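The data block below is query34.txt; it holds compact mmCIF, C-alpha atoms and all ligand atoms.
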```
# COMPACT_ATOMS: atom_id res chain seq x y z
CA MET A 22 97.14 122.41 110.71
CA PRO A 23 93.80 122.37 108.85
CA GLY A 24 91.61 119.29 109.29
CA VAL A 25 90.57 117.06 106.39
CA SER A 26 86.90 117.50 105.49
CA GLU A 27 84.95 114.30 106.14
CA PRO A 28 85.61 111.90 103.23
CA ARG A 29 82.71 110.66 101.09
CA PRO A 30 82.31 107.10 99.69
CA GLN A 31 82.63 108.36 96.08
CA GLN A 32 86.18 109.64 96.66
CA PRO A 33 89.17 107.57 95.50
CA VAL A 34 91.45 105.27 97.44
CA ALA A 35 94.98 106.66 97.00
CA VAL A 36 98.01 104.40 96.61
CA PHE A 37 101.59 105.63 96.58
CA ASP A 38 105.01 104.19 95.92
CA SER A 39 108.49 105.31 94.96
CA GLY A 40 107.68 104.39 91.37
CA VAL A 41 105.83 101.78 89.37
CA GLY A 42 106.43 98.85 91.75
CA GLY A 43 103.36 99.63 93.86
CA MET A 44 101.25 98.50 90.94
CA THR A 45 101.76 94.95 92.23
CA VAL A 46 99.72 96.14 95.25
CA LEU A 47 97.32 98.23 93.16
CA HIS A 48 96.56 95.15 91.06
CA GLU A 49 95.35 93.27 94.15
CA LEU A 50 93.13 96.21 95.05
CA LEU A 51 91.68 96.40 91.54
CA VAL A 52 90.85 92.69 91.71
CA SER A 53 89.62 92.55 95.32
CA LEU A 54 87.75 95.88 95.43
CA PRO A 55 86.84 96.50 91.78
CA THR A 56 84.10 99.06 92.41
CA GLU A 57 86.45 101.53 94.10
CA ASP A 58 88.09 104.40 92.21
CA TYR A 59 91.88 104.62 92.59
CA LEU A 60 94.45 107.38 92.39
CA TYR A 61 98.06 106.15 92.22
CA LEU A 62 101.12 108.32 92.74
CA GLY A 63 104.63 107.11 91.84
CA ASP A 64 107.42 109.33 93.15
CA THR A 65 109.62 108.48 90.18
CA ALA A 66 111.66 111.70 90.44
CA ARG A 67 113.10 110.38 93.72
CA PHE A 68 113.25 106.65 92.89
CA PRO A 69 114.78 104.51 94.37
CA TYR A 70 113.64 104.92 97.96
CA GLY A 71 115.67 101.87 98.98
CA ASP A 72 118.83 103.84 99.74
CA ARG A 73 117.13 106.90 101.29
CA THR A 74 117.42 107.74 104.99
CA GLN A 75 114.50 107.20 107.36
CA GLU A 76 114.17 111.00 107.75
CA GLN A 77 113.95 111.50 103.99
CA LEU A 78 111.34 108.78 103.66
CA ARG A 79 109.22 110.33 106.43
CA ALA A 80 109.41 113.77 104.81
CA PHE A 81 108.57 112.40 101.33
CA SER A 82 105.66 110.37 102.71
CA VAL A 83 104.06 113.30 104.54
CA GLU A 84 104.46 115.48 101.47
CA ILE A 85 102.82 112.86 99.24
CA ALA A 86 100.03 112.27 101.77
CA GLU A 87 99.27 116.00 101.73
CA TYR A 88 99.12 115.97 97.93
CA LEU A 89 96.80 112.95 97.88
CA LEU A 90 94.51 114.43 100.55
CA ALA A 91 94.27 117.60 98.48
CA GLN A 92 93.20 115.37 95.56
CA GLY A 93 90.33 114.03 97.70
CA ALA A 94 91.72 110.66 98.86
CA LYS A 95 89.41 108.89 101.33
CA LEU A 96 92.10 106.40 102.41
CA LEU A 97 95.87 106.14 101.86
CA VAL A 98 97.75 102.96 100.99
CA VAL A 99 101.53 103.11 101.34
CA ALA A 100 102.41 100.43 98.78
CA CYS A 101 106.16 101.02 99.17
CA ASN A 102 107.90 98.85 101.76
CA ALA A 103 110.66 101.39 102.39
CA ALA A 104 108.14 104.20 103.01
CA SER A 105 105.84 101.94 105.08
CA SER A 106 108.79 100.81 107.21
CA ALA A 107 110.08 104.31 107.87
CA ALA A 108 106.96 106.43 107.88
CA LEU A 109 103.76 104.59 108.77
CA GLY A 110 103.76 105.81 112.38
CA THR A 111 104.61 109.34 111.25
CA LEU A 112 101.74 109.27 108.76
CA GLU A 113 99.30 107.91 111.35
CA ARG A 114 100.19 110.76 113.71
CA HIS A 115 100.03 113.30 110.89
CA LEU A 116 96.56 112.15 109.84
CA ALA A 117 95.36 112.04 113.45
CA ALA A 118 96.46 115.68 113.81
CA ARG A 119 94.49 116.46 110.62
CA GLY A 120 91.28 115.24 112.29
CA GLY A 121 91.62 111.45 112.09
CA GLU A 122 89.11 111.16 109.24
CA VAL A 123 91.45 109.30 106.86
CA ASP A 124 93.09 105.93 107.53
CA VAL A 125 96.53 104.91 106.27
CA ILE A 126 97.49 101.32 105.55
CA GLY A 127 101.03 100.07 104.96
CA VAL A 128 102.41 96.81 103.65
CA VAL A 129 104.54 95.50 106.54
CA ALA A 130 101.79 94.18 108.85
CA ALA A 131 99.92 92.35 106.09
CA ALA A 132 102.96 90.46 104.82
CA THR A 133 104.27 89.69 108.31
CA GLN A 134 100.96 88.27 109.54
CA LEU A 135 100.69 85.97 106.53
CA ALA A 136 104.29 84.80 106.89
CA VAL A 137 104.16 84.16 110.63
CA ALA A 138 100.82 82.34 110.39
CA GLY A 139 102.01 80.22 107.47
CA SER A 140 105.52 79.22 108.60
CA ARG A 141 105.76 75.70 109.99
CA SER A 142 109.45 75.86 110.94
CA GLY A 143 109.32 79.33 112.51
CA ARG A 144 112.16 80.40 110.23
CA ILE A 145 111.22 83.23 107.89
CA GLY A 146 113.29 85.11 105.33
CA LEU A 147 112.97 88.72 104.24
CA LEU A 148 114.21 90.13 100.95
CA ALA A 149 113.99 93.93 100.99
CA THR A 150 115.81 97.13 100.15
CA PRO A 151 118.55 98.40 102.52
CA ALA A 152 116.21 101.16 103.83
CA THR A 153 113.53 98.63 104.77
CA VAL A 154 115.99 96.27 106.49
CA ALA A 155 117.69 99.19 108.29
CA SER A 156 114.36 100.42 109.67
CA GLY A 157 113.89 97.18 111.64
CA ALA A 158 110.15 97.37 110.89
CA TYR A 159 109.82 93.73 109.80
CA GLU A 160 111.91 92.57 112.79
CA ARG A 161 109.56 94.41 115.15
CA ALA A 162 106.44 93.16 113.39
CA VAL A 163 107.61 89.53 113.48
CA ARG A 164 108.60 89.80 117.15
CA ALA A 165 105.21 91.32 118.00
CA ALA A 166 103.39 88.55 116.12
CA ASP A 167 105.47 85.71 117.61
CA PRO A 168 108.73 86.26 119.53
CA HIS A 169 109.80 82.65 118.81
CA VAL A 170 109.93 83.15 115.04
CA HIS A 171 113.38 83.81 113.55
CA LEU A 172 113.64 86.39 110.76
CA GLU A 173 116.61 86.23 108.39
CA SER A 174 116.79 89.62 106.63
CA VAL A 175 118.72 90.15 103.40
CA PRO A 176 119.24 93.74 102.20
CA CYS A 177 119.20 93.61 98.39
CA ALA A 178 121.00 96.79 97.40
CA ASP A 179 120.47 96.76 93.66
CA LEU A 180 117.66 94.29 93.03
CA ALA A 181 114.78 96.77 92.61
CA PRO A 182 116.66 98.97 90.09
CA ILE A 183 117.86 95.85 88.22
CA ILE A 184 114.30 94.52 87.97
CA GLN A 185 113.05 97.93 86.91
CA SER A 186 115.56 98.20 84.06
CA GLY A 187 115.87 94.49 83.40
CA PHE A 188 113.03 93.66 80.97
CA PRO A 189 113.36 91.18 79.36
CA PHE A 190 115.18 89.51 82.26
CA ASP A 191 118.59 88.09 81.43
CA ILE A 192 121.06 85.80 83.19
CA GLU A 193 122.47 88.73 85.19
CA VAL A 194 119.13 89.15 86.92
CA VAL A 195 119.01 85.42 87.70
CA GLU A 196 122.54 85.52 89.17
CA THR A 197 121.69 88.60 91.29
CA VAL A 198 118.57 86.90 92.62
CA ARG A 199 120.59 83.72 93.32
CA GLU A 200 123.15 85.71 95.34
CA TYR A 201 120.47 87.31 97.52
CA CYS A 202 118.79 83.93 98.08
CA ALA A 203 121.99 82.25 99.33
CA PRO A 204 121.68 83.42 102.98
CA LEU A 205 118.03 82.36 103.02
CA ARG A 206 118.90 78.89 101.77
CA ALA A 207 121.65 78.65 104.40
CA ALA A 208 119.19 79.73 107.11
CA GLN A 209 116.74 77.03 105.98
CA VAL A 210 113.72 79.30 105.96
CA ASP A 211 110.38 77.84 104.83
CA THR A 212 108.71 81.19 104.09
CA VAL A 213 110.11 84.29 102.38
CA VAL A 214 108.55 87.75 102.54
CA LEU A 215 109.01 89.72 99.32
CA GLY A 216 109.54 93.00 101.15
CA CYS A 217 109.78 95.22 98.09
CA THR A 218 107.13 96.06 95.53
CA HIS A 219 109.38 94.98 92.65
CA TYR A 220 110.15 91.45 93.81
CA PRO A 221 106.85 89.76 92.80
CA LEU A 222 108.09 90.26 89.23
CA VAL A 223 110.93 87.79 89.84
CA ALA A 224 108.77 85.31 91.81
CA PRO A 225 109.28 82.51 89.23
CA MET A 226 113.08 82.82 89.61
CA LEU A 227 112.87 83.03 93.39
CA GLN A 228 110.66 79.95 93.56
CA ARG A 229 113.07 77.93 91.43
CA ILE A 230 116.15 79.03 93.37
CA LEU A 231 114.58 78.64 96.84
CA GLY A 232 112.71 75.44 95.99
CA ARG A 233 109.09 74.45 95.72
CA ASP A 234 108.69 73.94 99.48
CA VAL A 235 109.41 77.58 100.29
CA THR A 236 106.32 79.79 100.42
CA LEU A 237 106.68 83.28 98.94
CA VAL A 238 104.60 85.92 100.70
CA THR A 239 103.53 89.26 99.27
CA SER A 240 101.45 91.92 100.95
CA GLY A 241 98.90 92.70 98.22
CA ALA A 242 96.02 90.41 99.21
CA GLY A 243 96.35 91.24 102.92
CA VAL A 244 96.48 94.98 102.17
CA ALA A 245 93.31 94.67 100.09
CA ARG A 246 91.52 92.98 103.00
CA SER A 247 92.70 95.72 105.40
CA VAL A 248 91.48 98.40 102.99
CA GLU A 249 88.10 96.65 102.70
CA ARG A 250 87.72 96.50 106.50
CA ALA A 251 88.86 100.10 107.00
CA LEU A 252 86.40 101.42 104.42
CA ALA A 253 83.55 99.33 105.88
CA ALA A 254 84.30 100.54 109.41
CA ARG A 255 83.76 104.13 108.29
CA GLY A 256 80.90 103.39 105.85
CA LEU A 257 83.14 104.57 102.99
CA GLU A 258 82.69 101.74 100.47
CA ASN A 259 81.99 103.16 97.03
CA PRO A 260 78.31 102.45 96.27
CA GLN A 261 78.77 102.24 92.47
CA SER A 262 78.03 98.79 91.04
CA GLU A 263 80.24 98.95 87.94
CA GLU A 264 84.06 98.82 87.79
CA GLY A 265 85.69 101.91 89.20
CA SER A 266 88.31 104.07 87.48
CA TYR A 267 92.04 104.24 88.10
CA ARG A 268 94.37 107.07 87.22
CA PHE A 269 98.02 107.83 87.73
CA ARG A 270 100.28 110.65 88.82
CA CYS A 271 104.08 110.58 88.78
CA THR A 272 106.74 113.07 89.80
CA GLY A 273 109.14 112.10 86.99
CA GLU A 274 108.61 111.89 83.28
CA ALA A 275 105.12 110.56 82.37
CA SER A 276 105.76 108.57 79.17
CA SER A 277 108.42 106.26 80.68
CA PHE A 278 106.20 105.81 83.74
CA LYS A 279 103.41 104.73 81.42
CA ALA A 280 105.57 102.28 79.46
CA LEU A 281 107.07 100.67 82.57
CA GLY A 282 103.85 100.84 84.58
CA THR A 283 101.99 98.86 81.93
CA ARG A 284 104.50 96.04 82.44
CA PHE A 285 104.04 96.05 86.20
CA LEU A 286 100.23 96.33 86.13
CA GLN A 287 99.78 94.16 83.04
CA MET A 288 96.77 96.31 82.20
CA PRO A 289 96.46 99.53 80.23
CA LEU A 290 97.33 102.56 82.34
CA GLY A 291 95.14 105.22 80.80
CA GLU A 292 95.63 108.71 82.14
CA VAL A 293 99.12 109.52 83.54
CA ALA A 294 99.99 113.08 84.56
CA GLN A 295 103.27 114.45 85.88
CA VAL A 296 102.98 116.50 89.07
CA GLU A 297 105.53 118.57 90.96
CA LEU A 298 105.79 118.13 94.70
CA GLY A 299 107.86 120.79 96.47
CA ALA A 300 110.79 118.73 97.73
CA ALA A 301 110.77 116.51 94.62
CA ARG A 302 111.34 119.59 92.54
CA ALA A 303 114.27 120.60 94.72
CA ALA A 304 115.81 117.07 94.60
CA ALA A 305 115.41 116.64 90.84
N1 LIG B 1 109.01 100.59 96.27
C1 LIG B 1 110.22 100.25 96.98
C2 LIG B 1 109.90 99.30 98.11
O1 LIG B 1 108.91 98.59 98.09
C3 LIG B 1 111.21 99.55 96.08
C4 LIG B 1 111.94 100.36 95.11
C5 LIG B 1 112.75 101.50 95.70
O2 LIG B 1 113.86 101.27 96.21
O3 LIG B 1 112.25 102.60 95.62
O4 LIG B 1 110.68 99.24 99.03
```
Go through the file and emit its structure as structure tokens.
Amino acid sequence: MPGVSEPRPQQPVAVFDSGVGGMTVLHELLVSLPTEDYLYLGDTARFPYGDRTQEQLRAFSVEIAEYLLAQGAKLLVVACNAASSAALGTLERHLAARGGEVDVIGVVAAATQLAVAGSRSGRIGLLATPATVASGAYERAVRAADPHVHLESVPCADLAPIIQSGFPFDIEVVETVREYCAPLRAAQVDTVVLGCTHYPLVAPMLQRILGRDVTLVTSGAGVARSVERALAARGLENPQSEEGSYRFRCTGEASSFKALGTRFLQMPLGEVAQVELGAARAAA
């Protein structure tokens, strides 16, 4: 396997997700590290990842990582919870075999650390896709952080696709969210991890249904801090003093990605180009 040539500070930070949801993570990066350039890839041709197998998610993630490295990424952020849960270890090993010059950061550790540190009762909830819950990644991360903390996991089979197609949100979305919150209310959790990139978009509903005393935790801010530390450790912070650029790639159709992505990012998207990854082409 060829090594990656040593990354330079001027190269972009790459962020990938199954679709547009990872823009909730990208937004934190744009705010926290504004002088970096960003390249975002949404694998919309294979969305949703939430009902994929762990093997599929590992294969997709390695394929996307290779594409992003070829585009000159100096660091990879796996914004997708399903891909982070299934494939972070695989990606770490893959990048180590490629010379270990590029770090990869997922979303599970950041959200778990915040939740465990913030919970007073030691009872935490997780809302996530079936693939993320099935991976057991959050269970393992919580146990590693504090074995006395209880995690109540709720697989939300259709919530991400409903949010994605649900603008403007109607009563059906509220009822779906209410249903998924019921086990968390019964378990009397005081902290809930939003373990899917789409769920921050229904945070106002979640907060109302779960109650003001429940803290909602997302990974974005923690991921941004991890990215900042990883870049600093390698001397890879972009030296430019003005705002960096951000551009988008998707594996599905570009115009719908742009329309939906603008809603998730709440900023103009600018350049969006459709790309073909090998396996995505075969699955389409
Ligand atoms: N991006 C995925 C995640 O965070 C959610 C949507 C999907 O199922 O692909 O798990």
Quiz prompt | Spatial neighbours of Arg161 in chain A, max dist 12 Å, only C-alpha atoms, sep filter under 3 positions, as a PyMOL selection string | solution = chain A and resi 106+129-130+133-134+153-158+164-168+170-172
Exercise. Could you please give me, as a PyMOL selection string, the residues of protein, DNA or RNA lying at most 12 Å from (84.6, 99.2, 103.9) in the coordinate frame of the file, considering only C-alpha atoms?
Key: chain A and resi 29-30+34+53-54+56-57+95-96+124+245-260
Exercise. Might you pull out every residue within 12 Å of Pro189 in chain A, with only C-alpha atoms counted and same-chain residues fewer than 4 positions away left off, and present them as a PyMOL selection string?
Key: chain A and resi 183-185+193-195+222-223+281+284
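Between Val36 in chain A and the residues A:Gly63, A:Pro289, A:Pro176, A:Gly187, the shortest atom-to-atom distance, using all atoms listed in the file, involves A:Gly63.
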Self-check item: Counting only C-alpha atoms and all ligand atoms, the option among A:Met226, A:Leu148, A:Ala80, A:Ala86 closest to ligand LIG 1 (chain B)
Solution: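 Residue with the minimum atom-to-atom distance to ligand LIG 1 (chain B): A:Leu148.
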